[in-house]
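Colleague: File coords_7.cif follows (mmCIF, C-alpha atoms and all ligand atoms):
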```cif
data_coords
loop_
_atom_site.label_atom_id
_atom_site.label_comp_id
_atom_site.auth_asym_id
_atom_site.auth_seq_id
_atom_site.Cartn_x
_atom_site.Cartn_y
_atom_site.Cartn_z
CA MET X 1304 -60.12 41.55 -53.38
CA SER X 1305 -60.11 37.87 -52.67
CA PHE X 1306 -58.46 36.54 -49.54
CA PRO X 1307 -55.50 36.40 -49.01
CA THR X 1308 -54.30 39.73 -50.40
CA HIS X 1309 -50.65 38.82 -50.10
CA ARG X 1310 -49.23 35.61 -51.46
CA PRO X 1311 -45.45 35.50 -50.82
CA ARG X 1312 -45.48 32.05 -52.39
CA ARG X 1313 -45.86 33.70 -55.84
CA LEU X 1314 -42.14 34.47 -55.81
CA ARG X 1315 -41.17 30.96 -54.74
CA ARG X 1316 -42.76 29.08 -57.59
CA ASN X 1317 -39.66 28.24 -59.56
CA GLU X 1318 -35.91 28.31 -59.19
CA THR X 1319 -35.38 31.15 -61.66
CA LEU X 1320 -37.76 33.43 -59.76
CA ARG X 1321 -36.21 32.35 -56.47
CA ARG X 1322 -32.77 33.19 -57.83
CA MET X 1323 -33.98 36.63 -58.93
CA VAL X 1324 -35.22 37.61 -55.47
CA ARG X 1325 -32.45 35.93 -53.49
CA GLU X 1326 -30.94 38.34 -50.98
CA THR X 1327 -27.75 36.53 -50.05
CA VAL X 1328 -25.37 35.01 -52.55
CA LEU X 1329 -22.50 32.73 -51.60
CA GLN X 1330 -19.35 32.67 -53.71
CA PRO X 1331 -15.96 30.94 -53.44
CA SER X 1332 -14.37 34.38 -52.96
CA ASP X 1333 -16.16 34.63 -49.60
CA PHE X 1334 -14.04 31.85 -48.12
CA ILE X 1335 -10.76 31.66 -46.22
CA TYR X 1336 -9.45 28.12 -45.94
CA PRO X 1337 -7.60 27.07 -42.75
CA LEU X 1338 -4.56 24.78 -43.07
CA PHE X 1339 -2.59 22.99 -40.33
CA VAL X 1340 1.07 22.67 -41.21
CA VAL X 1341 3.56 20.28 -39.61
CA GLU X 1342 7.26 19.44 -40.03
CA GLY X 1343 8.37 16.57 -42.26
CA ARG X 1344 7.66 15.45 -45.81
CA GLY X 1345 4.73 13.49 -47.15
CA VAL X 1346 2.78 13.95 -43.90
CA LYS X 1347 -1.00 13.85 -44.24
CA LYS X 1348 -2.31 13.01 -40.79
CA PRO X 1349 -6.11 12.96 -40.41
CA VAL X 1350 -7.73 14.95 -37.59
CA SER X 1351 -10.11 12.44 -36.06
CA ALA X 1352 -13.01 14.76 -35.22
CA MET X 1353 -12.71 16.64 -38.53
CA PRO X 1354 -13.17 14.26 -41.48
CA GLY X 1355 -11.48 15.73 -44.56
CA VAL X 1356 -9.07 17.86 -42.50
CA PHE X 1357 -5.40 16.92 -42.10
CA ASN X 1358 -2.11 17.96 -40.57
CA LEU X 1359 -0.02 18.55 -43.68
CA SER X 1360 3.68 18.89 -44.27
CA VAL X 1361 4.68 22.01 -46.19
CA GLU X 1362 4.73 20.57 -49.71
CA LEU X 1363 1.28 19.01 -49.25
CA ALA X 1364 -0.06 22.26 -47.78
CA VAL X 1365 1.15 23.93 -50.99
CA GLU X 1366 -0.87 21.40 -53.02
CA GLU X 1367 -3.96 22.07 -50.91
CA ALA X 1368 -3.48 25.82 -51.33
CA ARG X 1369 -3.16 25.33 -55.09
CA GLN X 1370 -6.50 23.54 -55.13
CA ALA X 1371 -8.10 26.33 -53.15
CA TRP X 1372 -6.84 28.92 -55.63
CA ALA X 1373 -7.97 26.82 -58.62
CA LEU X 1374 -11.47 26.69 -57.14
CA GLY X 1375 -11.65 30.47 -56.73
CA VAL X 1376 -10.94 30.56 -52.99
CA PRO X 1377 -8.73 33.64 -52.60
CA SER X 1378 -7.12 33.02 -49.23
CA VAL X 1379 -5.77 30.48 -46.75
CA ILE X 1380 -5.03 30.97 -43.06
CA LEU X 1381 -2.10 29.01 -41.68
CA PHE X 1382 -1.66 27.35 -38.31
CA GLY X 1383 1.82 26.06 -37.60
CA ILE X 1384 2.42 23.05 -35.37
CA PRO X 1385 6.10 22.98 -34.35
CA ASP X 1386 8.04 19.88 -33.31
CA HIS X 1387 9.37 21.61 -30.20
CA LYS X 1388 7.37 23.67 -27.74
CA ASP X 1389 8.67 25.73 -24.81
CA ALA X 1390 7.40 28.07 -22.09
CA THR X 1391 7.38 31.21 -24.26
CA GLY X 1392 6.52 29.60 -27.59
CA SER X 1393 9.78 30.71 -29.19
CA ALA X 1394 9.27 28.50 -32.26
CA ALA X 1395 6.53 30.96 -33.24
CA TRP X 1396 9.01 33.58 -34.39
CA ALA X 1397 11.86 31.35 -35.58
CA LYS X 1398 13.09 32.39 -39.02
CA ASP X 1399 12.86 28.76 -40.11
CA GLY X 1400 9.75 28.03 -38.05
CA ILE X 1401 7.07 25.82 -39.49
CA VAL X 1402 4.59 28.56 -40.28
CA GLN X 1403 7.31 30.79 -41.77
CA LYS X 1404 8.40 27.94 -44.07
CA ALA X 1405 4.82 27.30 -45.11
CA ILE X 1406 4.16 30.98 -45.84
CA ARG X 1407 7.27 31.19 -48.05
CA ALA X 1408 6.47 27.98 -49.91
CA ILE X 1409 2.85 28.90 -50.59
CA LYS X 1410 3.68 32.45 -51.67
CA ASP X 1411 6.38 31.08 -54.00
CA ALA X 1412 3.98 28.61 -55.58
CA ILE X 1413 0.83 30.79 -55.80
CA PRO X 1414 1.85 34.44 -55.47
CA GLU X 1415 -1.66 35.83 -55.86
CA LEU X 1416 -3.24 33.70 -53.13
CA GLN X 1417 -3.60 35.78 -49.98
CA VAL X 1418 -1.80 34.00 -47.16
CA MET X 1419 -2.97 34.87 -43.67
CA ALA X 1420 -0.93 34.01 -40.60
CA ASP X 1421 -2.82 33.21 -37.42
CA VAL X 1422 -0.82 34.89 -34.68
CA CYS X 1423 -1.13 33.18 -31.30
CA LEU X 1424 1.21 31.26 -29.02
CA CYS X 1425 -0.97 28.31 -27.95
CA GLU X 1426 0.36 25.96 -30.64
CA TYR X 1427 3.92 26.85 -29.62
CA THR X 1428 3.88 26.88 -25.80
CA ASP X 1429 4.44 23.69 -23.80
CA HIS X 1430 1.56 24.66 -21.46
CA GLY X 1431 -0.85 25.34 -24.35
CA HIS X 1432 -1.89 28.82 -23.28
CA CYS X 1433 -1.97 31.79 -25.65
CA GLY X 1434 0.64 33.79 -23.73
CA VAL X 1435 3.42 33.55 -21.14
CA ILE X 1436 2.57 32.31 -17.66
CA VAL X 1437 3.51 34.40 -14.64
CA ASP X 1438 2.30 33.27 -11.19
CA GLY X 1439 -0.08 30.76 -12.76
CA GLU X 1440 -1.75 33.32 -15.01
CA VAL X 1441 -1.37 34.37 -18.63
CA HIS X 1442 0.50 37.66 -18.33
CA ASN X 1443 -0.98 40.20 -20.74
CA ASP X 1444 1.77 42.77 -21.15
CA GLN X 1445 4.68 40.32 -21.23
CA THR X 1446 2.90 38.44 -24.01
CA LEU X 1447 2.55 41.48 -26.32
CA PRO X 1448 6.21 41.66 -27.45
CA LEU X 1449 6.18 37.93 -28.22
CA LEU X 1450 3.06 38.22 -30.36
CA THR X 1451 4.63 41.22 -32.09
CA GLN X 1452 7.77 39.21 -32.84
CA MET X 1453 5.68 36.43 -34.30
CA ALA X 1454 3.68 38.86 -36.44
CA VAL X 1455 6.81 40.56 -37.79
CA SER X 1456 8.44 37.21 -38.47
CA CYS X 1457 5.36 36.06 -40.46
CA ALA X 1458 5.35 39.32 -42.41
CA GLN X 1459 9.06 38.84 -43.17
CA ALA X 1460 8.25 35.36 -44.49
CA GLY X 1461 5.71 36.96 -46.85
CA ALA X 1462 2.33 36.78 -45.07
CA ASP X 1463 -0.23 39.04 -46.74
CA VAL X 1464 -2.44 39.44 -43.66
CA ILE X 1465 -1.71 39.11 -39.94
CA ALA X 1466 -4.55 37.60 -37.91
CA PRO X 1467 -4.03 37.79 -34.12
CA SER X 1468 -6.21 35.26 -32.27
CA ASP X 1469 -4.81 35.44 -28.74
CA MET X 1470 -7.23 37.94 -27.10
CA MET X 1471 -4.59 39.83 -25.09
CA ASP X 1472 -5.55 43.45 -24.43
CA GLY X 1473 -3.68 45.94 -26.55
CA ARG X 1474 -2.24 43.41 -28.96
CA ILE X 1475 -3.54 45.05 -32.11
CA GLY X 1476 -1.81 48.33 -31.21
CA ALA X 1477 1.41 46.53 -30.27
CA ILE X 1478 1.43 44.42 -33.44
CA ARG X 1479 0.54 47.41 -35.66
CA LYS X 1480 3.42 49.39 -34.21
CA GLY X 1481 5.81 46.44 -34.60
CA LEU X 1482 4.80 45.88 -38.22
CA ASP X 1483 5.10 49.58 -39.06
CA GLU X 1484 8.53 49.88 -37.45
CA SER X 1485 9.76 46.84 -39.38
CA GLY X 1486 8.72 48.15 -42.77
CA PHE X 1487 5.36 46.38 -43.01
CA SER X 1488 3.01 49.33 -42.78
CA SER X 1489 1.05 48.01 -45.74
CA VAL X 1490 0.35 44.57 -44.25
CA PRO X 1491 -3.25 44.54 -42.96
CA ILE X 1492 -4.47 43.11 -39.65
CA LEU X 1493 -7.53 40.90 -39.40
CA SER X 1494 -8.28 40.91 -35.70
CA TYR X 1495 -10.05 38.03 -33.98
CA ALA X 1496 -11.82 40.85 -32.13
CA ALA X 1497 -14.76 39.03 -30.55
CA LYS X 1498 -13.42 35.60 -29.79
CA TYR X 1499 -15.40 33.61 -27.24
CA ALA X 1500 -14.22 30.97 -24.79
CA SER X 1501 -16.05 28.23 -26.67
CA GLY X 1502 -16.49 24.49 -26.41
CA PHE X 1503 -16.68 24.46 -30.20
CA TYR X 1504 -12.87 24.67 -30.47
CA GLY X 1505 -12.42 21.09 -29.22
CA PRO X 1506 -11.50 19.44 -32.54
CA PHE X 1507 -9.13 22.30 -33.44
CA ARG X 1508 -7.13 21.69 -30.29
CA GLU X 1509 -6.52 18.13 -31.43
CA ALA X 1510 -5.55 19.37 -34.90
CA ALA X 1511 -3.24 22.07 -33.54
CA GLN X 1512 -2.13 20.18 -30.42
CA SER X 1513 -2.96 23.33 -28.49
CA ALA X 1514 -5.21 22.27 -25.60
CA PRO X 1515 -4.19 24.08 -22.40
CA ARG X 1516 -2.39 21.76 -19.94
CA PHE X 1517 -4.09 23.42 -16.97
CA GLY X 1518 -7.11 25.67 -16.54
CA ASP X 1519 -8.94 27.11 -19.52
CA ARG X 1520 -9.03 30.23 -21.66
CA ARG X 1521 -11.85 32.07 -19.86
CA GLY X 1522 -9.38 34.54 -18.40
CA TYR X 1523 -8.72 36.02 -21.85
CA GLN X 1524 -11.39 34.82 -24.28
CA MET X 1525 -14.91 36.24 -24.01
CA ASP X 1526 -17.87 34.96 -22.01
CA PRO X 1527 -20.43 33.40 -24.41
CA ALA X 1528 -23.17 35.29 -22.57
CA ASN X 1529 -21.98 38.74 -23.70
CA VAL X 1530 -22.75 40.79 -26.80
CA ARG X 1531 -22.26 44.42 -25.70
CA GLU X 1532 -18.75 43.45 -24.72
CA ALA X 1533 -18.15 42.19 -28.27
CA LEU X 1534 -18.93 45.66 -29.60
CA LYS X 1535 -16.46 47.13 -27.15
CA GLU X 1536 -13.75 44.65 -28.20
CA VAL X 1537 -14.33 45.48 -31.87
CA GLN X 1538 -14.21 49.22 -31.16
CA LEU X 1539 -10.94 48.88 -29.26
CA ASP X 1540 -9.31 46.81 -32.01
CA LEU X 1541 -10.40 49.29 -34.68
CA ASP X 1542 -9.06 52.17 -32.58
CA GLU X 1543 -5.75 50.30 -32.33
CA GLY X 1544 -5.54 49.88 -36.10
CA ALA X 1545 -7.31 46.66 -37.11
CA ASP X 1546 -8.30 46.71 -40.80
CA MET X 1547 -10.82 43.87 -40.58
CA VAL X 1548 -12.46 42.21 -37.60
CA MET X 1549 -13.74 38.74 -36.84
CA VAL X 1550 -16.43 37.12 -34.73
CA LYS X 1551 -15.68 33.58 -33.59
CA PRO X 1552 -17.35 31.05 -33.44
CA ALA X 1553 -20.07 31.78 -36.01
CA LEU X 1554 -23.19 29.70 -35.59
CA SER X 1555 -24.02 30.25 -31.93
CA TYR X 1556 -23.01 33.90 -32.42
CA LEU X 1557 -25.03 35.00 -35.45
CA ASP X 1558 -26.55 37.77 -33.33
CA VAL X 1559 -23.05 39.02 -32.54
CA ILE X 1560 -22.18 39.05 -36.25
CA ARG X 1561 -25.35 41.03 -36.92
CA ALA X 1562 -24.66 43.50 -34.11
CA VAL X 1563 -21.09 44.12 -35.30
CA ARG X 1564 -22.30 44.48 -38.90
CA GLU X 1565 -24.84 47.14 -37.90
CA ARG X 1566 -22.44 49.16 -35.79
CA PHE X 1567 -19.18 49.11 -37.82
CA ASP X 1568 -18.46 49.76 -41.48
CA VAL X 1569 -15.41 47.56 -41.86
CA PRO X 1570 -14.94 44.16 -43.49
CA LEU X 1571 -16.25 41.52 -41.14
CA ALA X 1572 -15.16 37.89 -41.01
CA ALA X 1573 -16.70 35.01 -39.09
CA TYR X 1574 -15.00 31.76 -38.15
CA ASN X 1575 -17.11 28.65 -38.80
CA VAL X 1576 -15.04 26.74 -36.26
CA SER X 1577 -13.91 23.14 -35.89
CA GLY X 1578 -16.77 22.00 -33.64
CA GLU X 1579 -19.35 23.46 -36.02
CA TYR X 1580 -17.70 21.57 -38.87
CA ALA X 1581 -17.51 18.37 -36.80
CA MET X 1582 -21.24 18.46 -35.97
CA VAL X 1583 -22.24 18.74 -39.62
CA ARG X 1584 -19.79 16.03 -40.67
CA ALA X 1585 -20.81 13.65 -37.89
CA ALA X 1586 -24.54 13.97 -38.51
CA ALA X 1587 -23.96 13.54 -42.25
CA GLN X 1588 -21.86 10.40 -41.65
CA HIS X 1589 -24.78 8.95 -39.75
CA GLY X 1590 -27.05 9.76 -42.65
CA TRP X 1591 -29.05 12.09 -40.42
CA ILE X 1592 -28.61 15.19 -42.57
CA ASP X 1593 -27.62 15.96 -46.16
CA TYR X 1594 -24.01 17.19 -45.99
CA GLU X 1595 -24.02 19.46 -49.02
CA ARG X 1596 -27.36 21.02 -48.34
CA VAL X 1597 -26.65 21.72 -44.68
CA MET X 1598 -23.16 23.02 -45.45
CA LEU X 1599 -24.51 25.60 -47.90
CA GLU X 1600 -27.30 26.54 -45.50
CA VAL X 1601 -24.81 27.09 -42.69
CA LEU X 1602 -22.51 29.22 -44.85
CA THR X 1603 -25.41 31.22 -46.28
CA SER X 1604 -26.71 31.95 -42.78
CA ILE X 1605 -23.33 33.33 -41.72
CA ARG X 1606 -23.30 35.64 -44.75
CA ARG X 1607 -26.94 36.60 -44.14
CA ALA X 1608 -26.12 37.54 -40.55
CA GLY X 1609 -23.67 40.07 -41.98
CA ALA X 1610 -20.25 38.46 -42.43
CA ASP X 1611 -18.35 39.39 -45.59
CA LEU X 1612 -15.82 36.59 -45.23
CA ILE X 1613 -16.05 33.11 -43.73
CA LEU X 1614 -13.15 31.08 -42.41
CA THR X 1615 -14.32 27.55 -42.99
CA TYR X 1616 -13.05 23.99 -43.31
CA HIS X 1617 -15.85 23.51 -45.86
CA ALA X 1618 -14.21 26.01 -48.25
CA LEU X 1619 -13.13 23.55 -50.95
CA ASP X 1620 -16.29 21.42 -50.78
CA ALA X 1621 -18.48 24.50 -50.92
CA ALA X 1622 -16.47 26.10 -53.74
CA ARG X 1623 -16.74 22.89 -55.78
CA LEU X 1624 -20.50 22.87 -55.36
CA LEU X 1625 -20.91 26.57 -56.11
CA ASN X 1626 -18.77 26.25 -59.23
CA GLY X 1627 -21.11 23.50 -60.39
C1 LIG G 1 -5.67 29.81 -31.40
C2 LIG G 1 -6.90 29.47 -32.15
C3 LIG G 1 -7.95 28.60 -31.80
C4 LIG G 1 -8.79 28.54 -32.93
C5 LIG G 1 -8.27 29.40 -33.88
N1 LIG G 1 -7.11 29.99 -33.38
C6 LIG G 1 -8.16 27.75 -30.62
C7 LIG G 1 -8.37 28.31 -29.29
O1 LIG G 1 -8.48 29.53 -29.08
O2 LIG G 1 -8.37 27.49 -28.38
C8 LIG G 1 -10.03 27.70 -33.05
C9 LIG G 1 -10.45 27.39 -34.44
C10 LIG G 1 -11.41 26.27 -34.56
O3 LIG G 1 -11.93 25.71 -33.59
O4 LIG G 1 -11.66 25.90 -35.71
N2 LIG G 1 -5.81 30.57 -30.27
#
```
Any chance you could put this one into structure tokens?

Modeller:
Amino acid sequence: MSFPTHRPRRLRRNETLRRMVRETVLQPSDFIYPLFVVEGRGVKKPVSAMPGVFNLSVELAVEEARQAWALGVPSVILFGIPDHKDATGSAAWAKDGIVQKAIRAIKDAIPELQVMADVCLCEYTDHGHCGVIVDGEVHNDQTLPLLTQMAVSCAQAGADVIAPSDMMDGRIGAIRKGLDESGFSSVPILSYAAKYASGFYGPFREAAQSAPRFGDRRGYQMDPANVREALKEVQLDLDEGADMVMVKPALSYLDVIRAVRERFDVPLAAYNVSGEYAMVRAAAQHGWIDYERVMLEVLTSIRRAGADLILTYHALDAARLLNG
């Protein structure tokens, strides 16, 4: 036999062959599109570090959600930015709160679209932390009933999925119990199970006006150096009743996505976060990379690592491309 025996290039010779042996396929139904909703009408305020992303008033968020659905994106996740913040984040569970209004309006307009509610207090507290402060620290157990109230209030407004992103211990169990006792036993929980204390959330905190006023989130979010701990967090959340789990961020944590995929047989989401989006956008604006090509490569790599679903600000751009 002539050298070399193996020629992997044989299967790369044309696009049809490449398509036939492709292992990972990206589709619009893989995406969950995040939206930032604010009070008012006709508000479309750009987020400076996230070109193409806006703070939207409810009726414009509905339009954006409509576009997502038309492109084959099955789900949006909502972040509410209230006009008034306080120490406990009470606007988070107000019947007429911003996220509750947005959930109702989107469900009215596009009933089949799956509306997820991010459940966390940092957008609603005046100090910007994800729970209540007692003696200078985020108090775990006093935060749980507040998160539960927010979750129930979002379910009452019509949310299809509750997605807790606060990283308090025991919150999945508390929220599950609260939902069940309020008649929402069929509303699933997507837990931000392995959420790291990441510098990649910077642009989000501008978008959601949720930067902590003092300290940081390392006392509740995970240390970027740990992966075994991520498996423990996922296990605990599943034991407490999570239906789906998430790893966040995605790109610096592809090994974590892979490890969770190998250990647990549940739907796995990954959050392609604001800073990851900002880097791609910024380099593309400089003409240093090809936006569309890099975007699809990034999203494909997250799927290849093992994520079933991707929360991404690229959702509409990527869906447009994939739909041809
Ligand atoms: C709320 C929350 C954050 C993100 C999602 N939910 C910010 C944070 O934890 O500080 C970040 C999303 C992104 O960066 O795109 N706790």

Colleague: Could you pull the residues within 8 Å of range 1494-1509 of chain X, counting only C-alpha atoms, minus those fewer than 3 positions along the same chain, as an NGL selection string?

Modeller: :X and (1350-1353 or 1466-1470 or 1475 or 1512-1514 or 1520-1521 or 1524-1527 or 1533-1534 or 1536-1537 or 1540 or 1545-1552 or 1576-1579 or 1581)

Colleague: Between X:Asp1389, X:Asp1472, X:Glu1367, X:Asp1429, single out the one closest to Leu1619 in chain X, counting only C-alpha atoms.

Modeller: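 Among the listed residues, the smallest separation from Leu1619 in chain X belongs to X:Glu1367.
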
Colleague: Taking 5 positions as the minimum chain separation for residues in the same chain, which residues sit within 12 Å of Asp1483 in chain X when counting all atoms listed in the file? Answer as a PyMOL selection string.

Modeller: chain X and resi 1451+1454-1455+1458+1475-1478+1488-1492+1544

Colleague: Do you know which residues are at most 9 Å from Val1356 in chain X counting only C-alpha atoms, after dropping those on the same chain fewer than 6 positions away, and could you put them as a ChimeraX atom specification?

Modeller: /X:1338-1339,1348-1350,1510,1616

Colleague: Tell me, as a ChimeraX atom specification, which residues lie within 10 Å of Ser1332 in chain X, counting only C-alpha atoms; anything in the same chain fewer than 3 positions away does not count.

Modeller: /X:1329,1335,1372,1374-1378,1611-1613,1618,1622

Colleague: Please produce an output containing C-alpha atoms for each residue in the selection, written as a short mmCIF file (atom, residue, chain, number, x, y, z; two decimals), in the coordinates of the input.

Modeller:
```cif
data_model
loop_
_atom_site.label_atom_id
_atom_site.label_comp_id
_atom_site.auth_asym_id
_atom_site.auth_seq_id
_atom_site.Cartn_x
_atom_site.Cartn_y
_atom_site.Cartn_z
CA LEU X 1329 -22.50 32.73 -51.60
CA ILE X 1335 -10.76 31.66 -46.22
CA TRP X 1372 -6.84 28.92 -55.63
CA LEU X 1374 -11.47 26.69 -57.14
CA GLY X 1375 -11.65 30.47 -56.73
CA VAL X 1376 -10.94 30.56 -52.99
CA PRO X 1377 -8.73 33.64 -52.60
CA SER X 1378 -7.12 33.02 -49.23
CA ASP X 1611 -18.35 39.39 -45.59
CA LEU X 1612 -15.82 36.59 -45.23
CA ILE X 1613 -16.05 33.11 -43.73
CA ALA X 1618 -14.21 26.01 -48.25
CA ALA X 1622 -16.47 26.10 -53.74
#
```

Colleague: Output, as AutoDock Vina command-line options, the centre and edge lengths in Å (one decimal) of the axis-aligned box that contains all listed atoms of ligand LIG 1 (chain G) with 3 Å of margin on each side.

Modeller:
```
--center_x -8.8 --center_y 28.1 --center_z -32.0 --size_x 12.3 --size_y 10.9 --size_z 13.3
```

Colleague: Using all atoms listed in the file, can you tell me which of X:Thr1603, X:Met1419, X:Leu1314, X:Val1464 comes closest to Phe1487 in chain X?

Modeller: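 Looking only at the distances to Phe1487 in chain X, the closest residue turns out to be X:Val1464.
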
Colleague: Determine the nearest neighbour of ligand LIG 1 (chain G) from the options X:Leu1539, X:Ala1528, X:Ala1573, X:Leu1624, counting only C-alpha atoms and all ligand atoms.

Modeller: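 Under the stated criterion, the closest residue is X:Ala1573.
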
Colleague: Quick one: of X:Arg1369, X:Arg1564, X:Arg1516, X:Arg1325, who's nearest to ligand LIG 1 (chain G), counting only C-alpha atoms and all ligand atoms?

Modeller: X:Arg1516

Colleague: With distances taken over all atoms listed in the file, which residue among X:Ile1401, X:Ala1373, X:Gly1355, X:Leu1541 lies nearest Arg1584 in chain X?

Modeller: X:Gly1355

Colleague: Dump range 1490-1497 of chain X with all heavy atoms to a file, as a tab-separated table (two decimals), in the first residue's frame.

Modeller:
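Here's the written file part.tsv:
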```tsv
chain	number	residue	atom	x	y	z
X	1490	VAL	N	-44.78	23.61	35.52
X	1490	VAL	CA	-43.83	24.59	34.98
X	1490	VAL	C	-42.39	24.13	35.27
X	1490	VAL	O	-42.02	23.94	36.43
X	1490	VAL	CB	-44.06	25.99	35.60
X	1490	VAL	CG1	-42.95	26.96	35.20
X	1490	VAL	CG2	-45.41	26.54	35.17
X	1491	PRO	N	-41.60	23.88	34.21
X	1491	PRO	CA	-40.24	23.37	34.44
X	1491	PRO	C	-39.26	24.43	34.94
X	1491	PRO	O	-39.46	25.63	34.76
X	1491	PRO	CB	-39.82	22.86	33.05
X	1491	PRO	CG	-40.71	23.54	32.08
X	1491	PRO	CD	-41.95	23.96	32.79
X	1492	ILE	N	-38.18	23.93	35.55
X	1492	ILE	CA	-37.09	24.80	36.01
X	1492	ILE	C	-35.83	24.52	35.21
X	1492	ILE	O	-35.39	23.37	35.10
X	1492	ILE	CB	-36.80	24.59	37.51
X	1492	ILE	CG1	-38.02	25.02	38.35
X	1492	ILE	CG2	-35.55	25.36	37.95
X	1492	ILE	CD1	-37.85	24.78	39.85
X	1493	LEU	N	-35.29	25.58	34.62
X	1493	LEU	CA	-33.96	25.53	34.00
X	1493	LEU	C	-33.02	26.20	34.99
X	1493	LEU	O	-33.08	27.41	35.17
X	1493	LEU	CB	-33.96	26.27	32.66
X	1493	LEU	CG	-32.58	26.62	32.07
X	1493	LEU	CD1	-31.72	25.39	31.85
X	1493	LEU	CD2	-32.73	27.39	30.75
X	1494	SER	N	-32.19	25.40	35.64
X	1494	SER	CA	-31.33	25.96	36.67
X	1494	SER	C	-30.00	26.43	36.08
X	1494	SER	O	-29.35	25.70	35.35
X	1494	SER	CB	-31.06	24.88	37.72
X	1494	SER	OG	-29.95	25.26	38.48
X	1495	TYR	N	-29.62	27.68	36.42
X	1495	TYR	CA	-28.25	28.12	36.15
X	1495	TYR	C	-27.41	27.39	37.21
X	1495	TYR	O	-27.09	27.94	38.25
X	1495	TYR	CB	-28.08	29.60	36.37
X	1495	TYR	CG	-28.67	30.57	35.36
X	1495	TYR	CD1	-30.04	30.70	35.17
X	1495	TYR	CD2	-27.82	31.44	34.65
X	1495	TYR	CE1	-30.56	31.65	34.28
X	1495	TYR	CE2	-28.33	32.39	33.76
X	1495	TYR	CZ	-29.70	32.49	33.59
X	1495	TYR	OH	-30.20	33.44	32.73
X	1496	ALA	N	-27.10	26.12	36.94
X	1496	ALA	CA	-26.52	25.27	37.98
X	1496	ALA	C	-25.05	25.58	38.22
X	1496	ALA	O	-24.60	25.71	39.36
X	1496	ALA	CB	-26.71	23.80	37.60
X	1497	ALA	N	-24.29	25.65	37.14
X	1497	ALA	CA	-22.86	25.97	37.25
X	1497	ALA	C	-22.64	27.35	36.67
X	1497	ALA	O	-22.33	27.52	35.49
X	1497	ALA	CB	-22.03	24.92	36.53
```
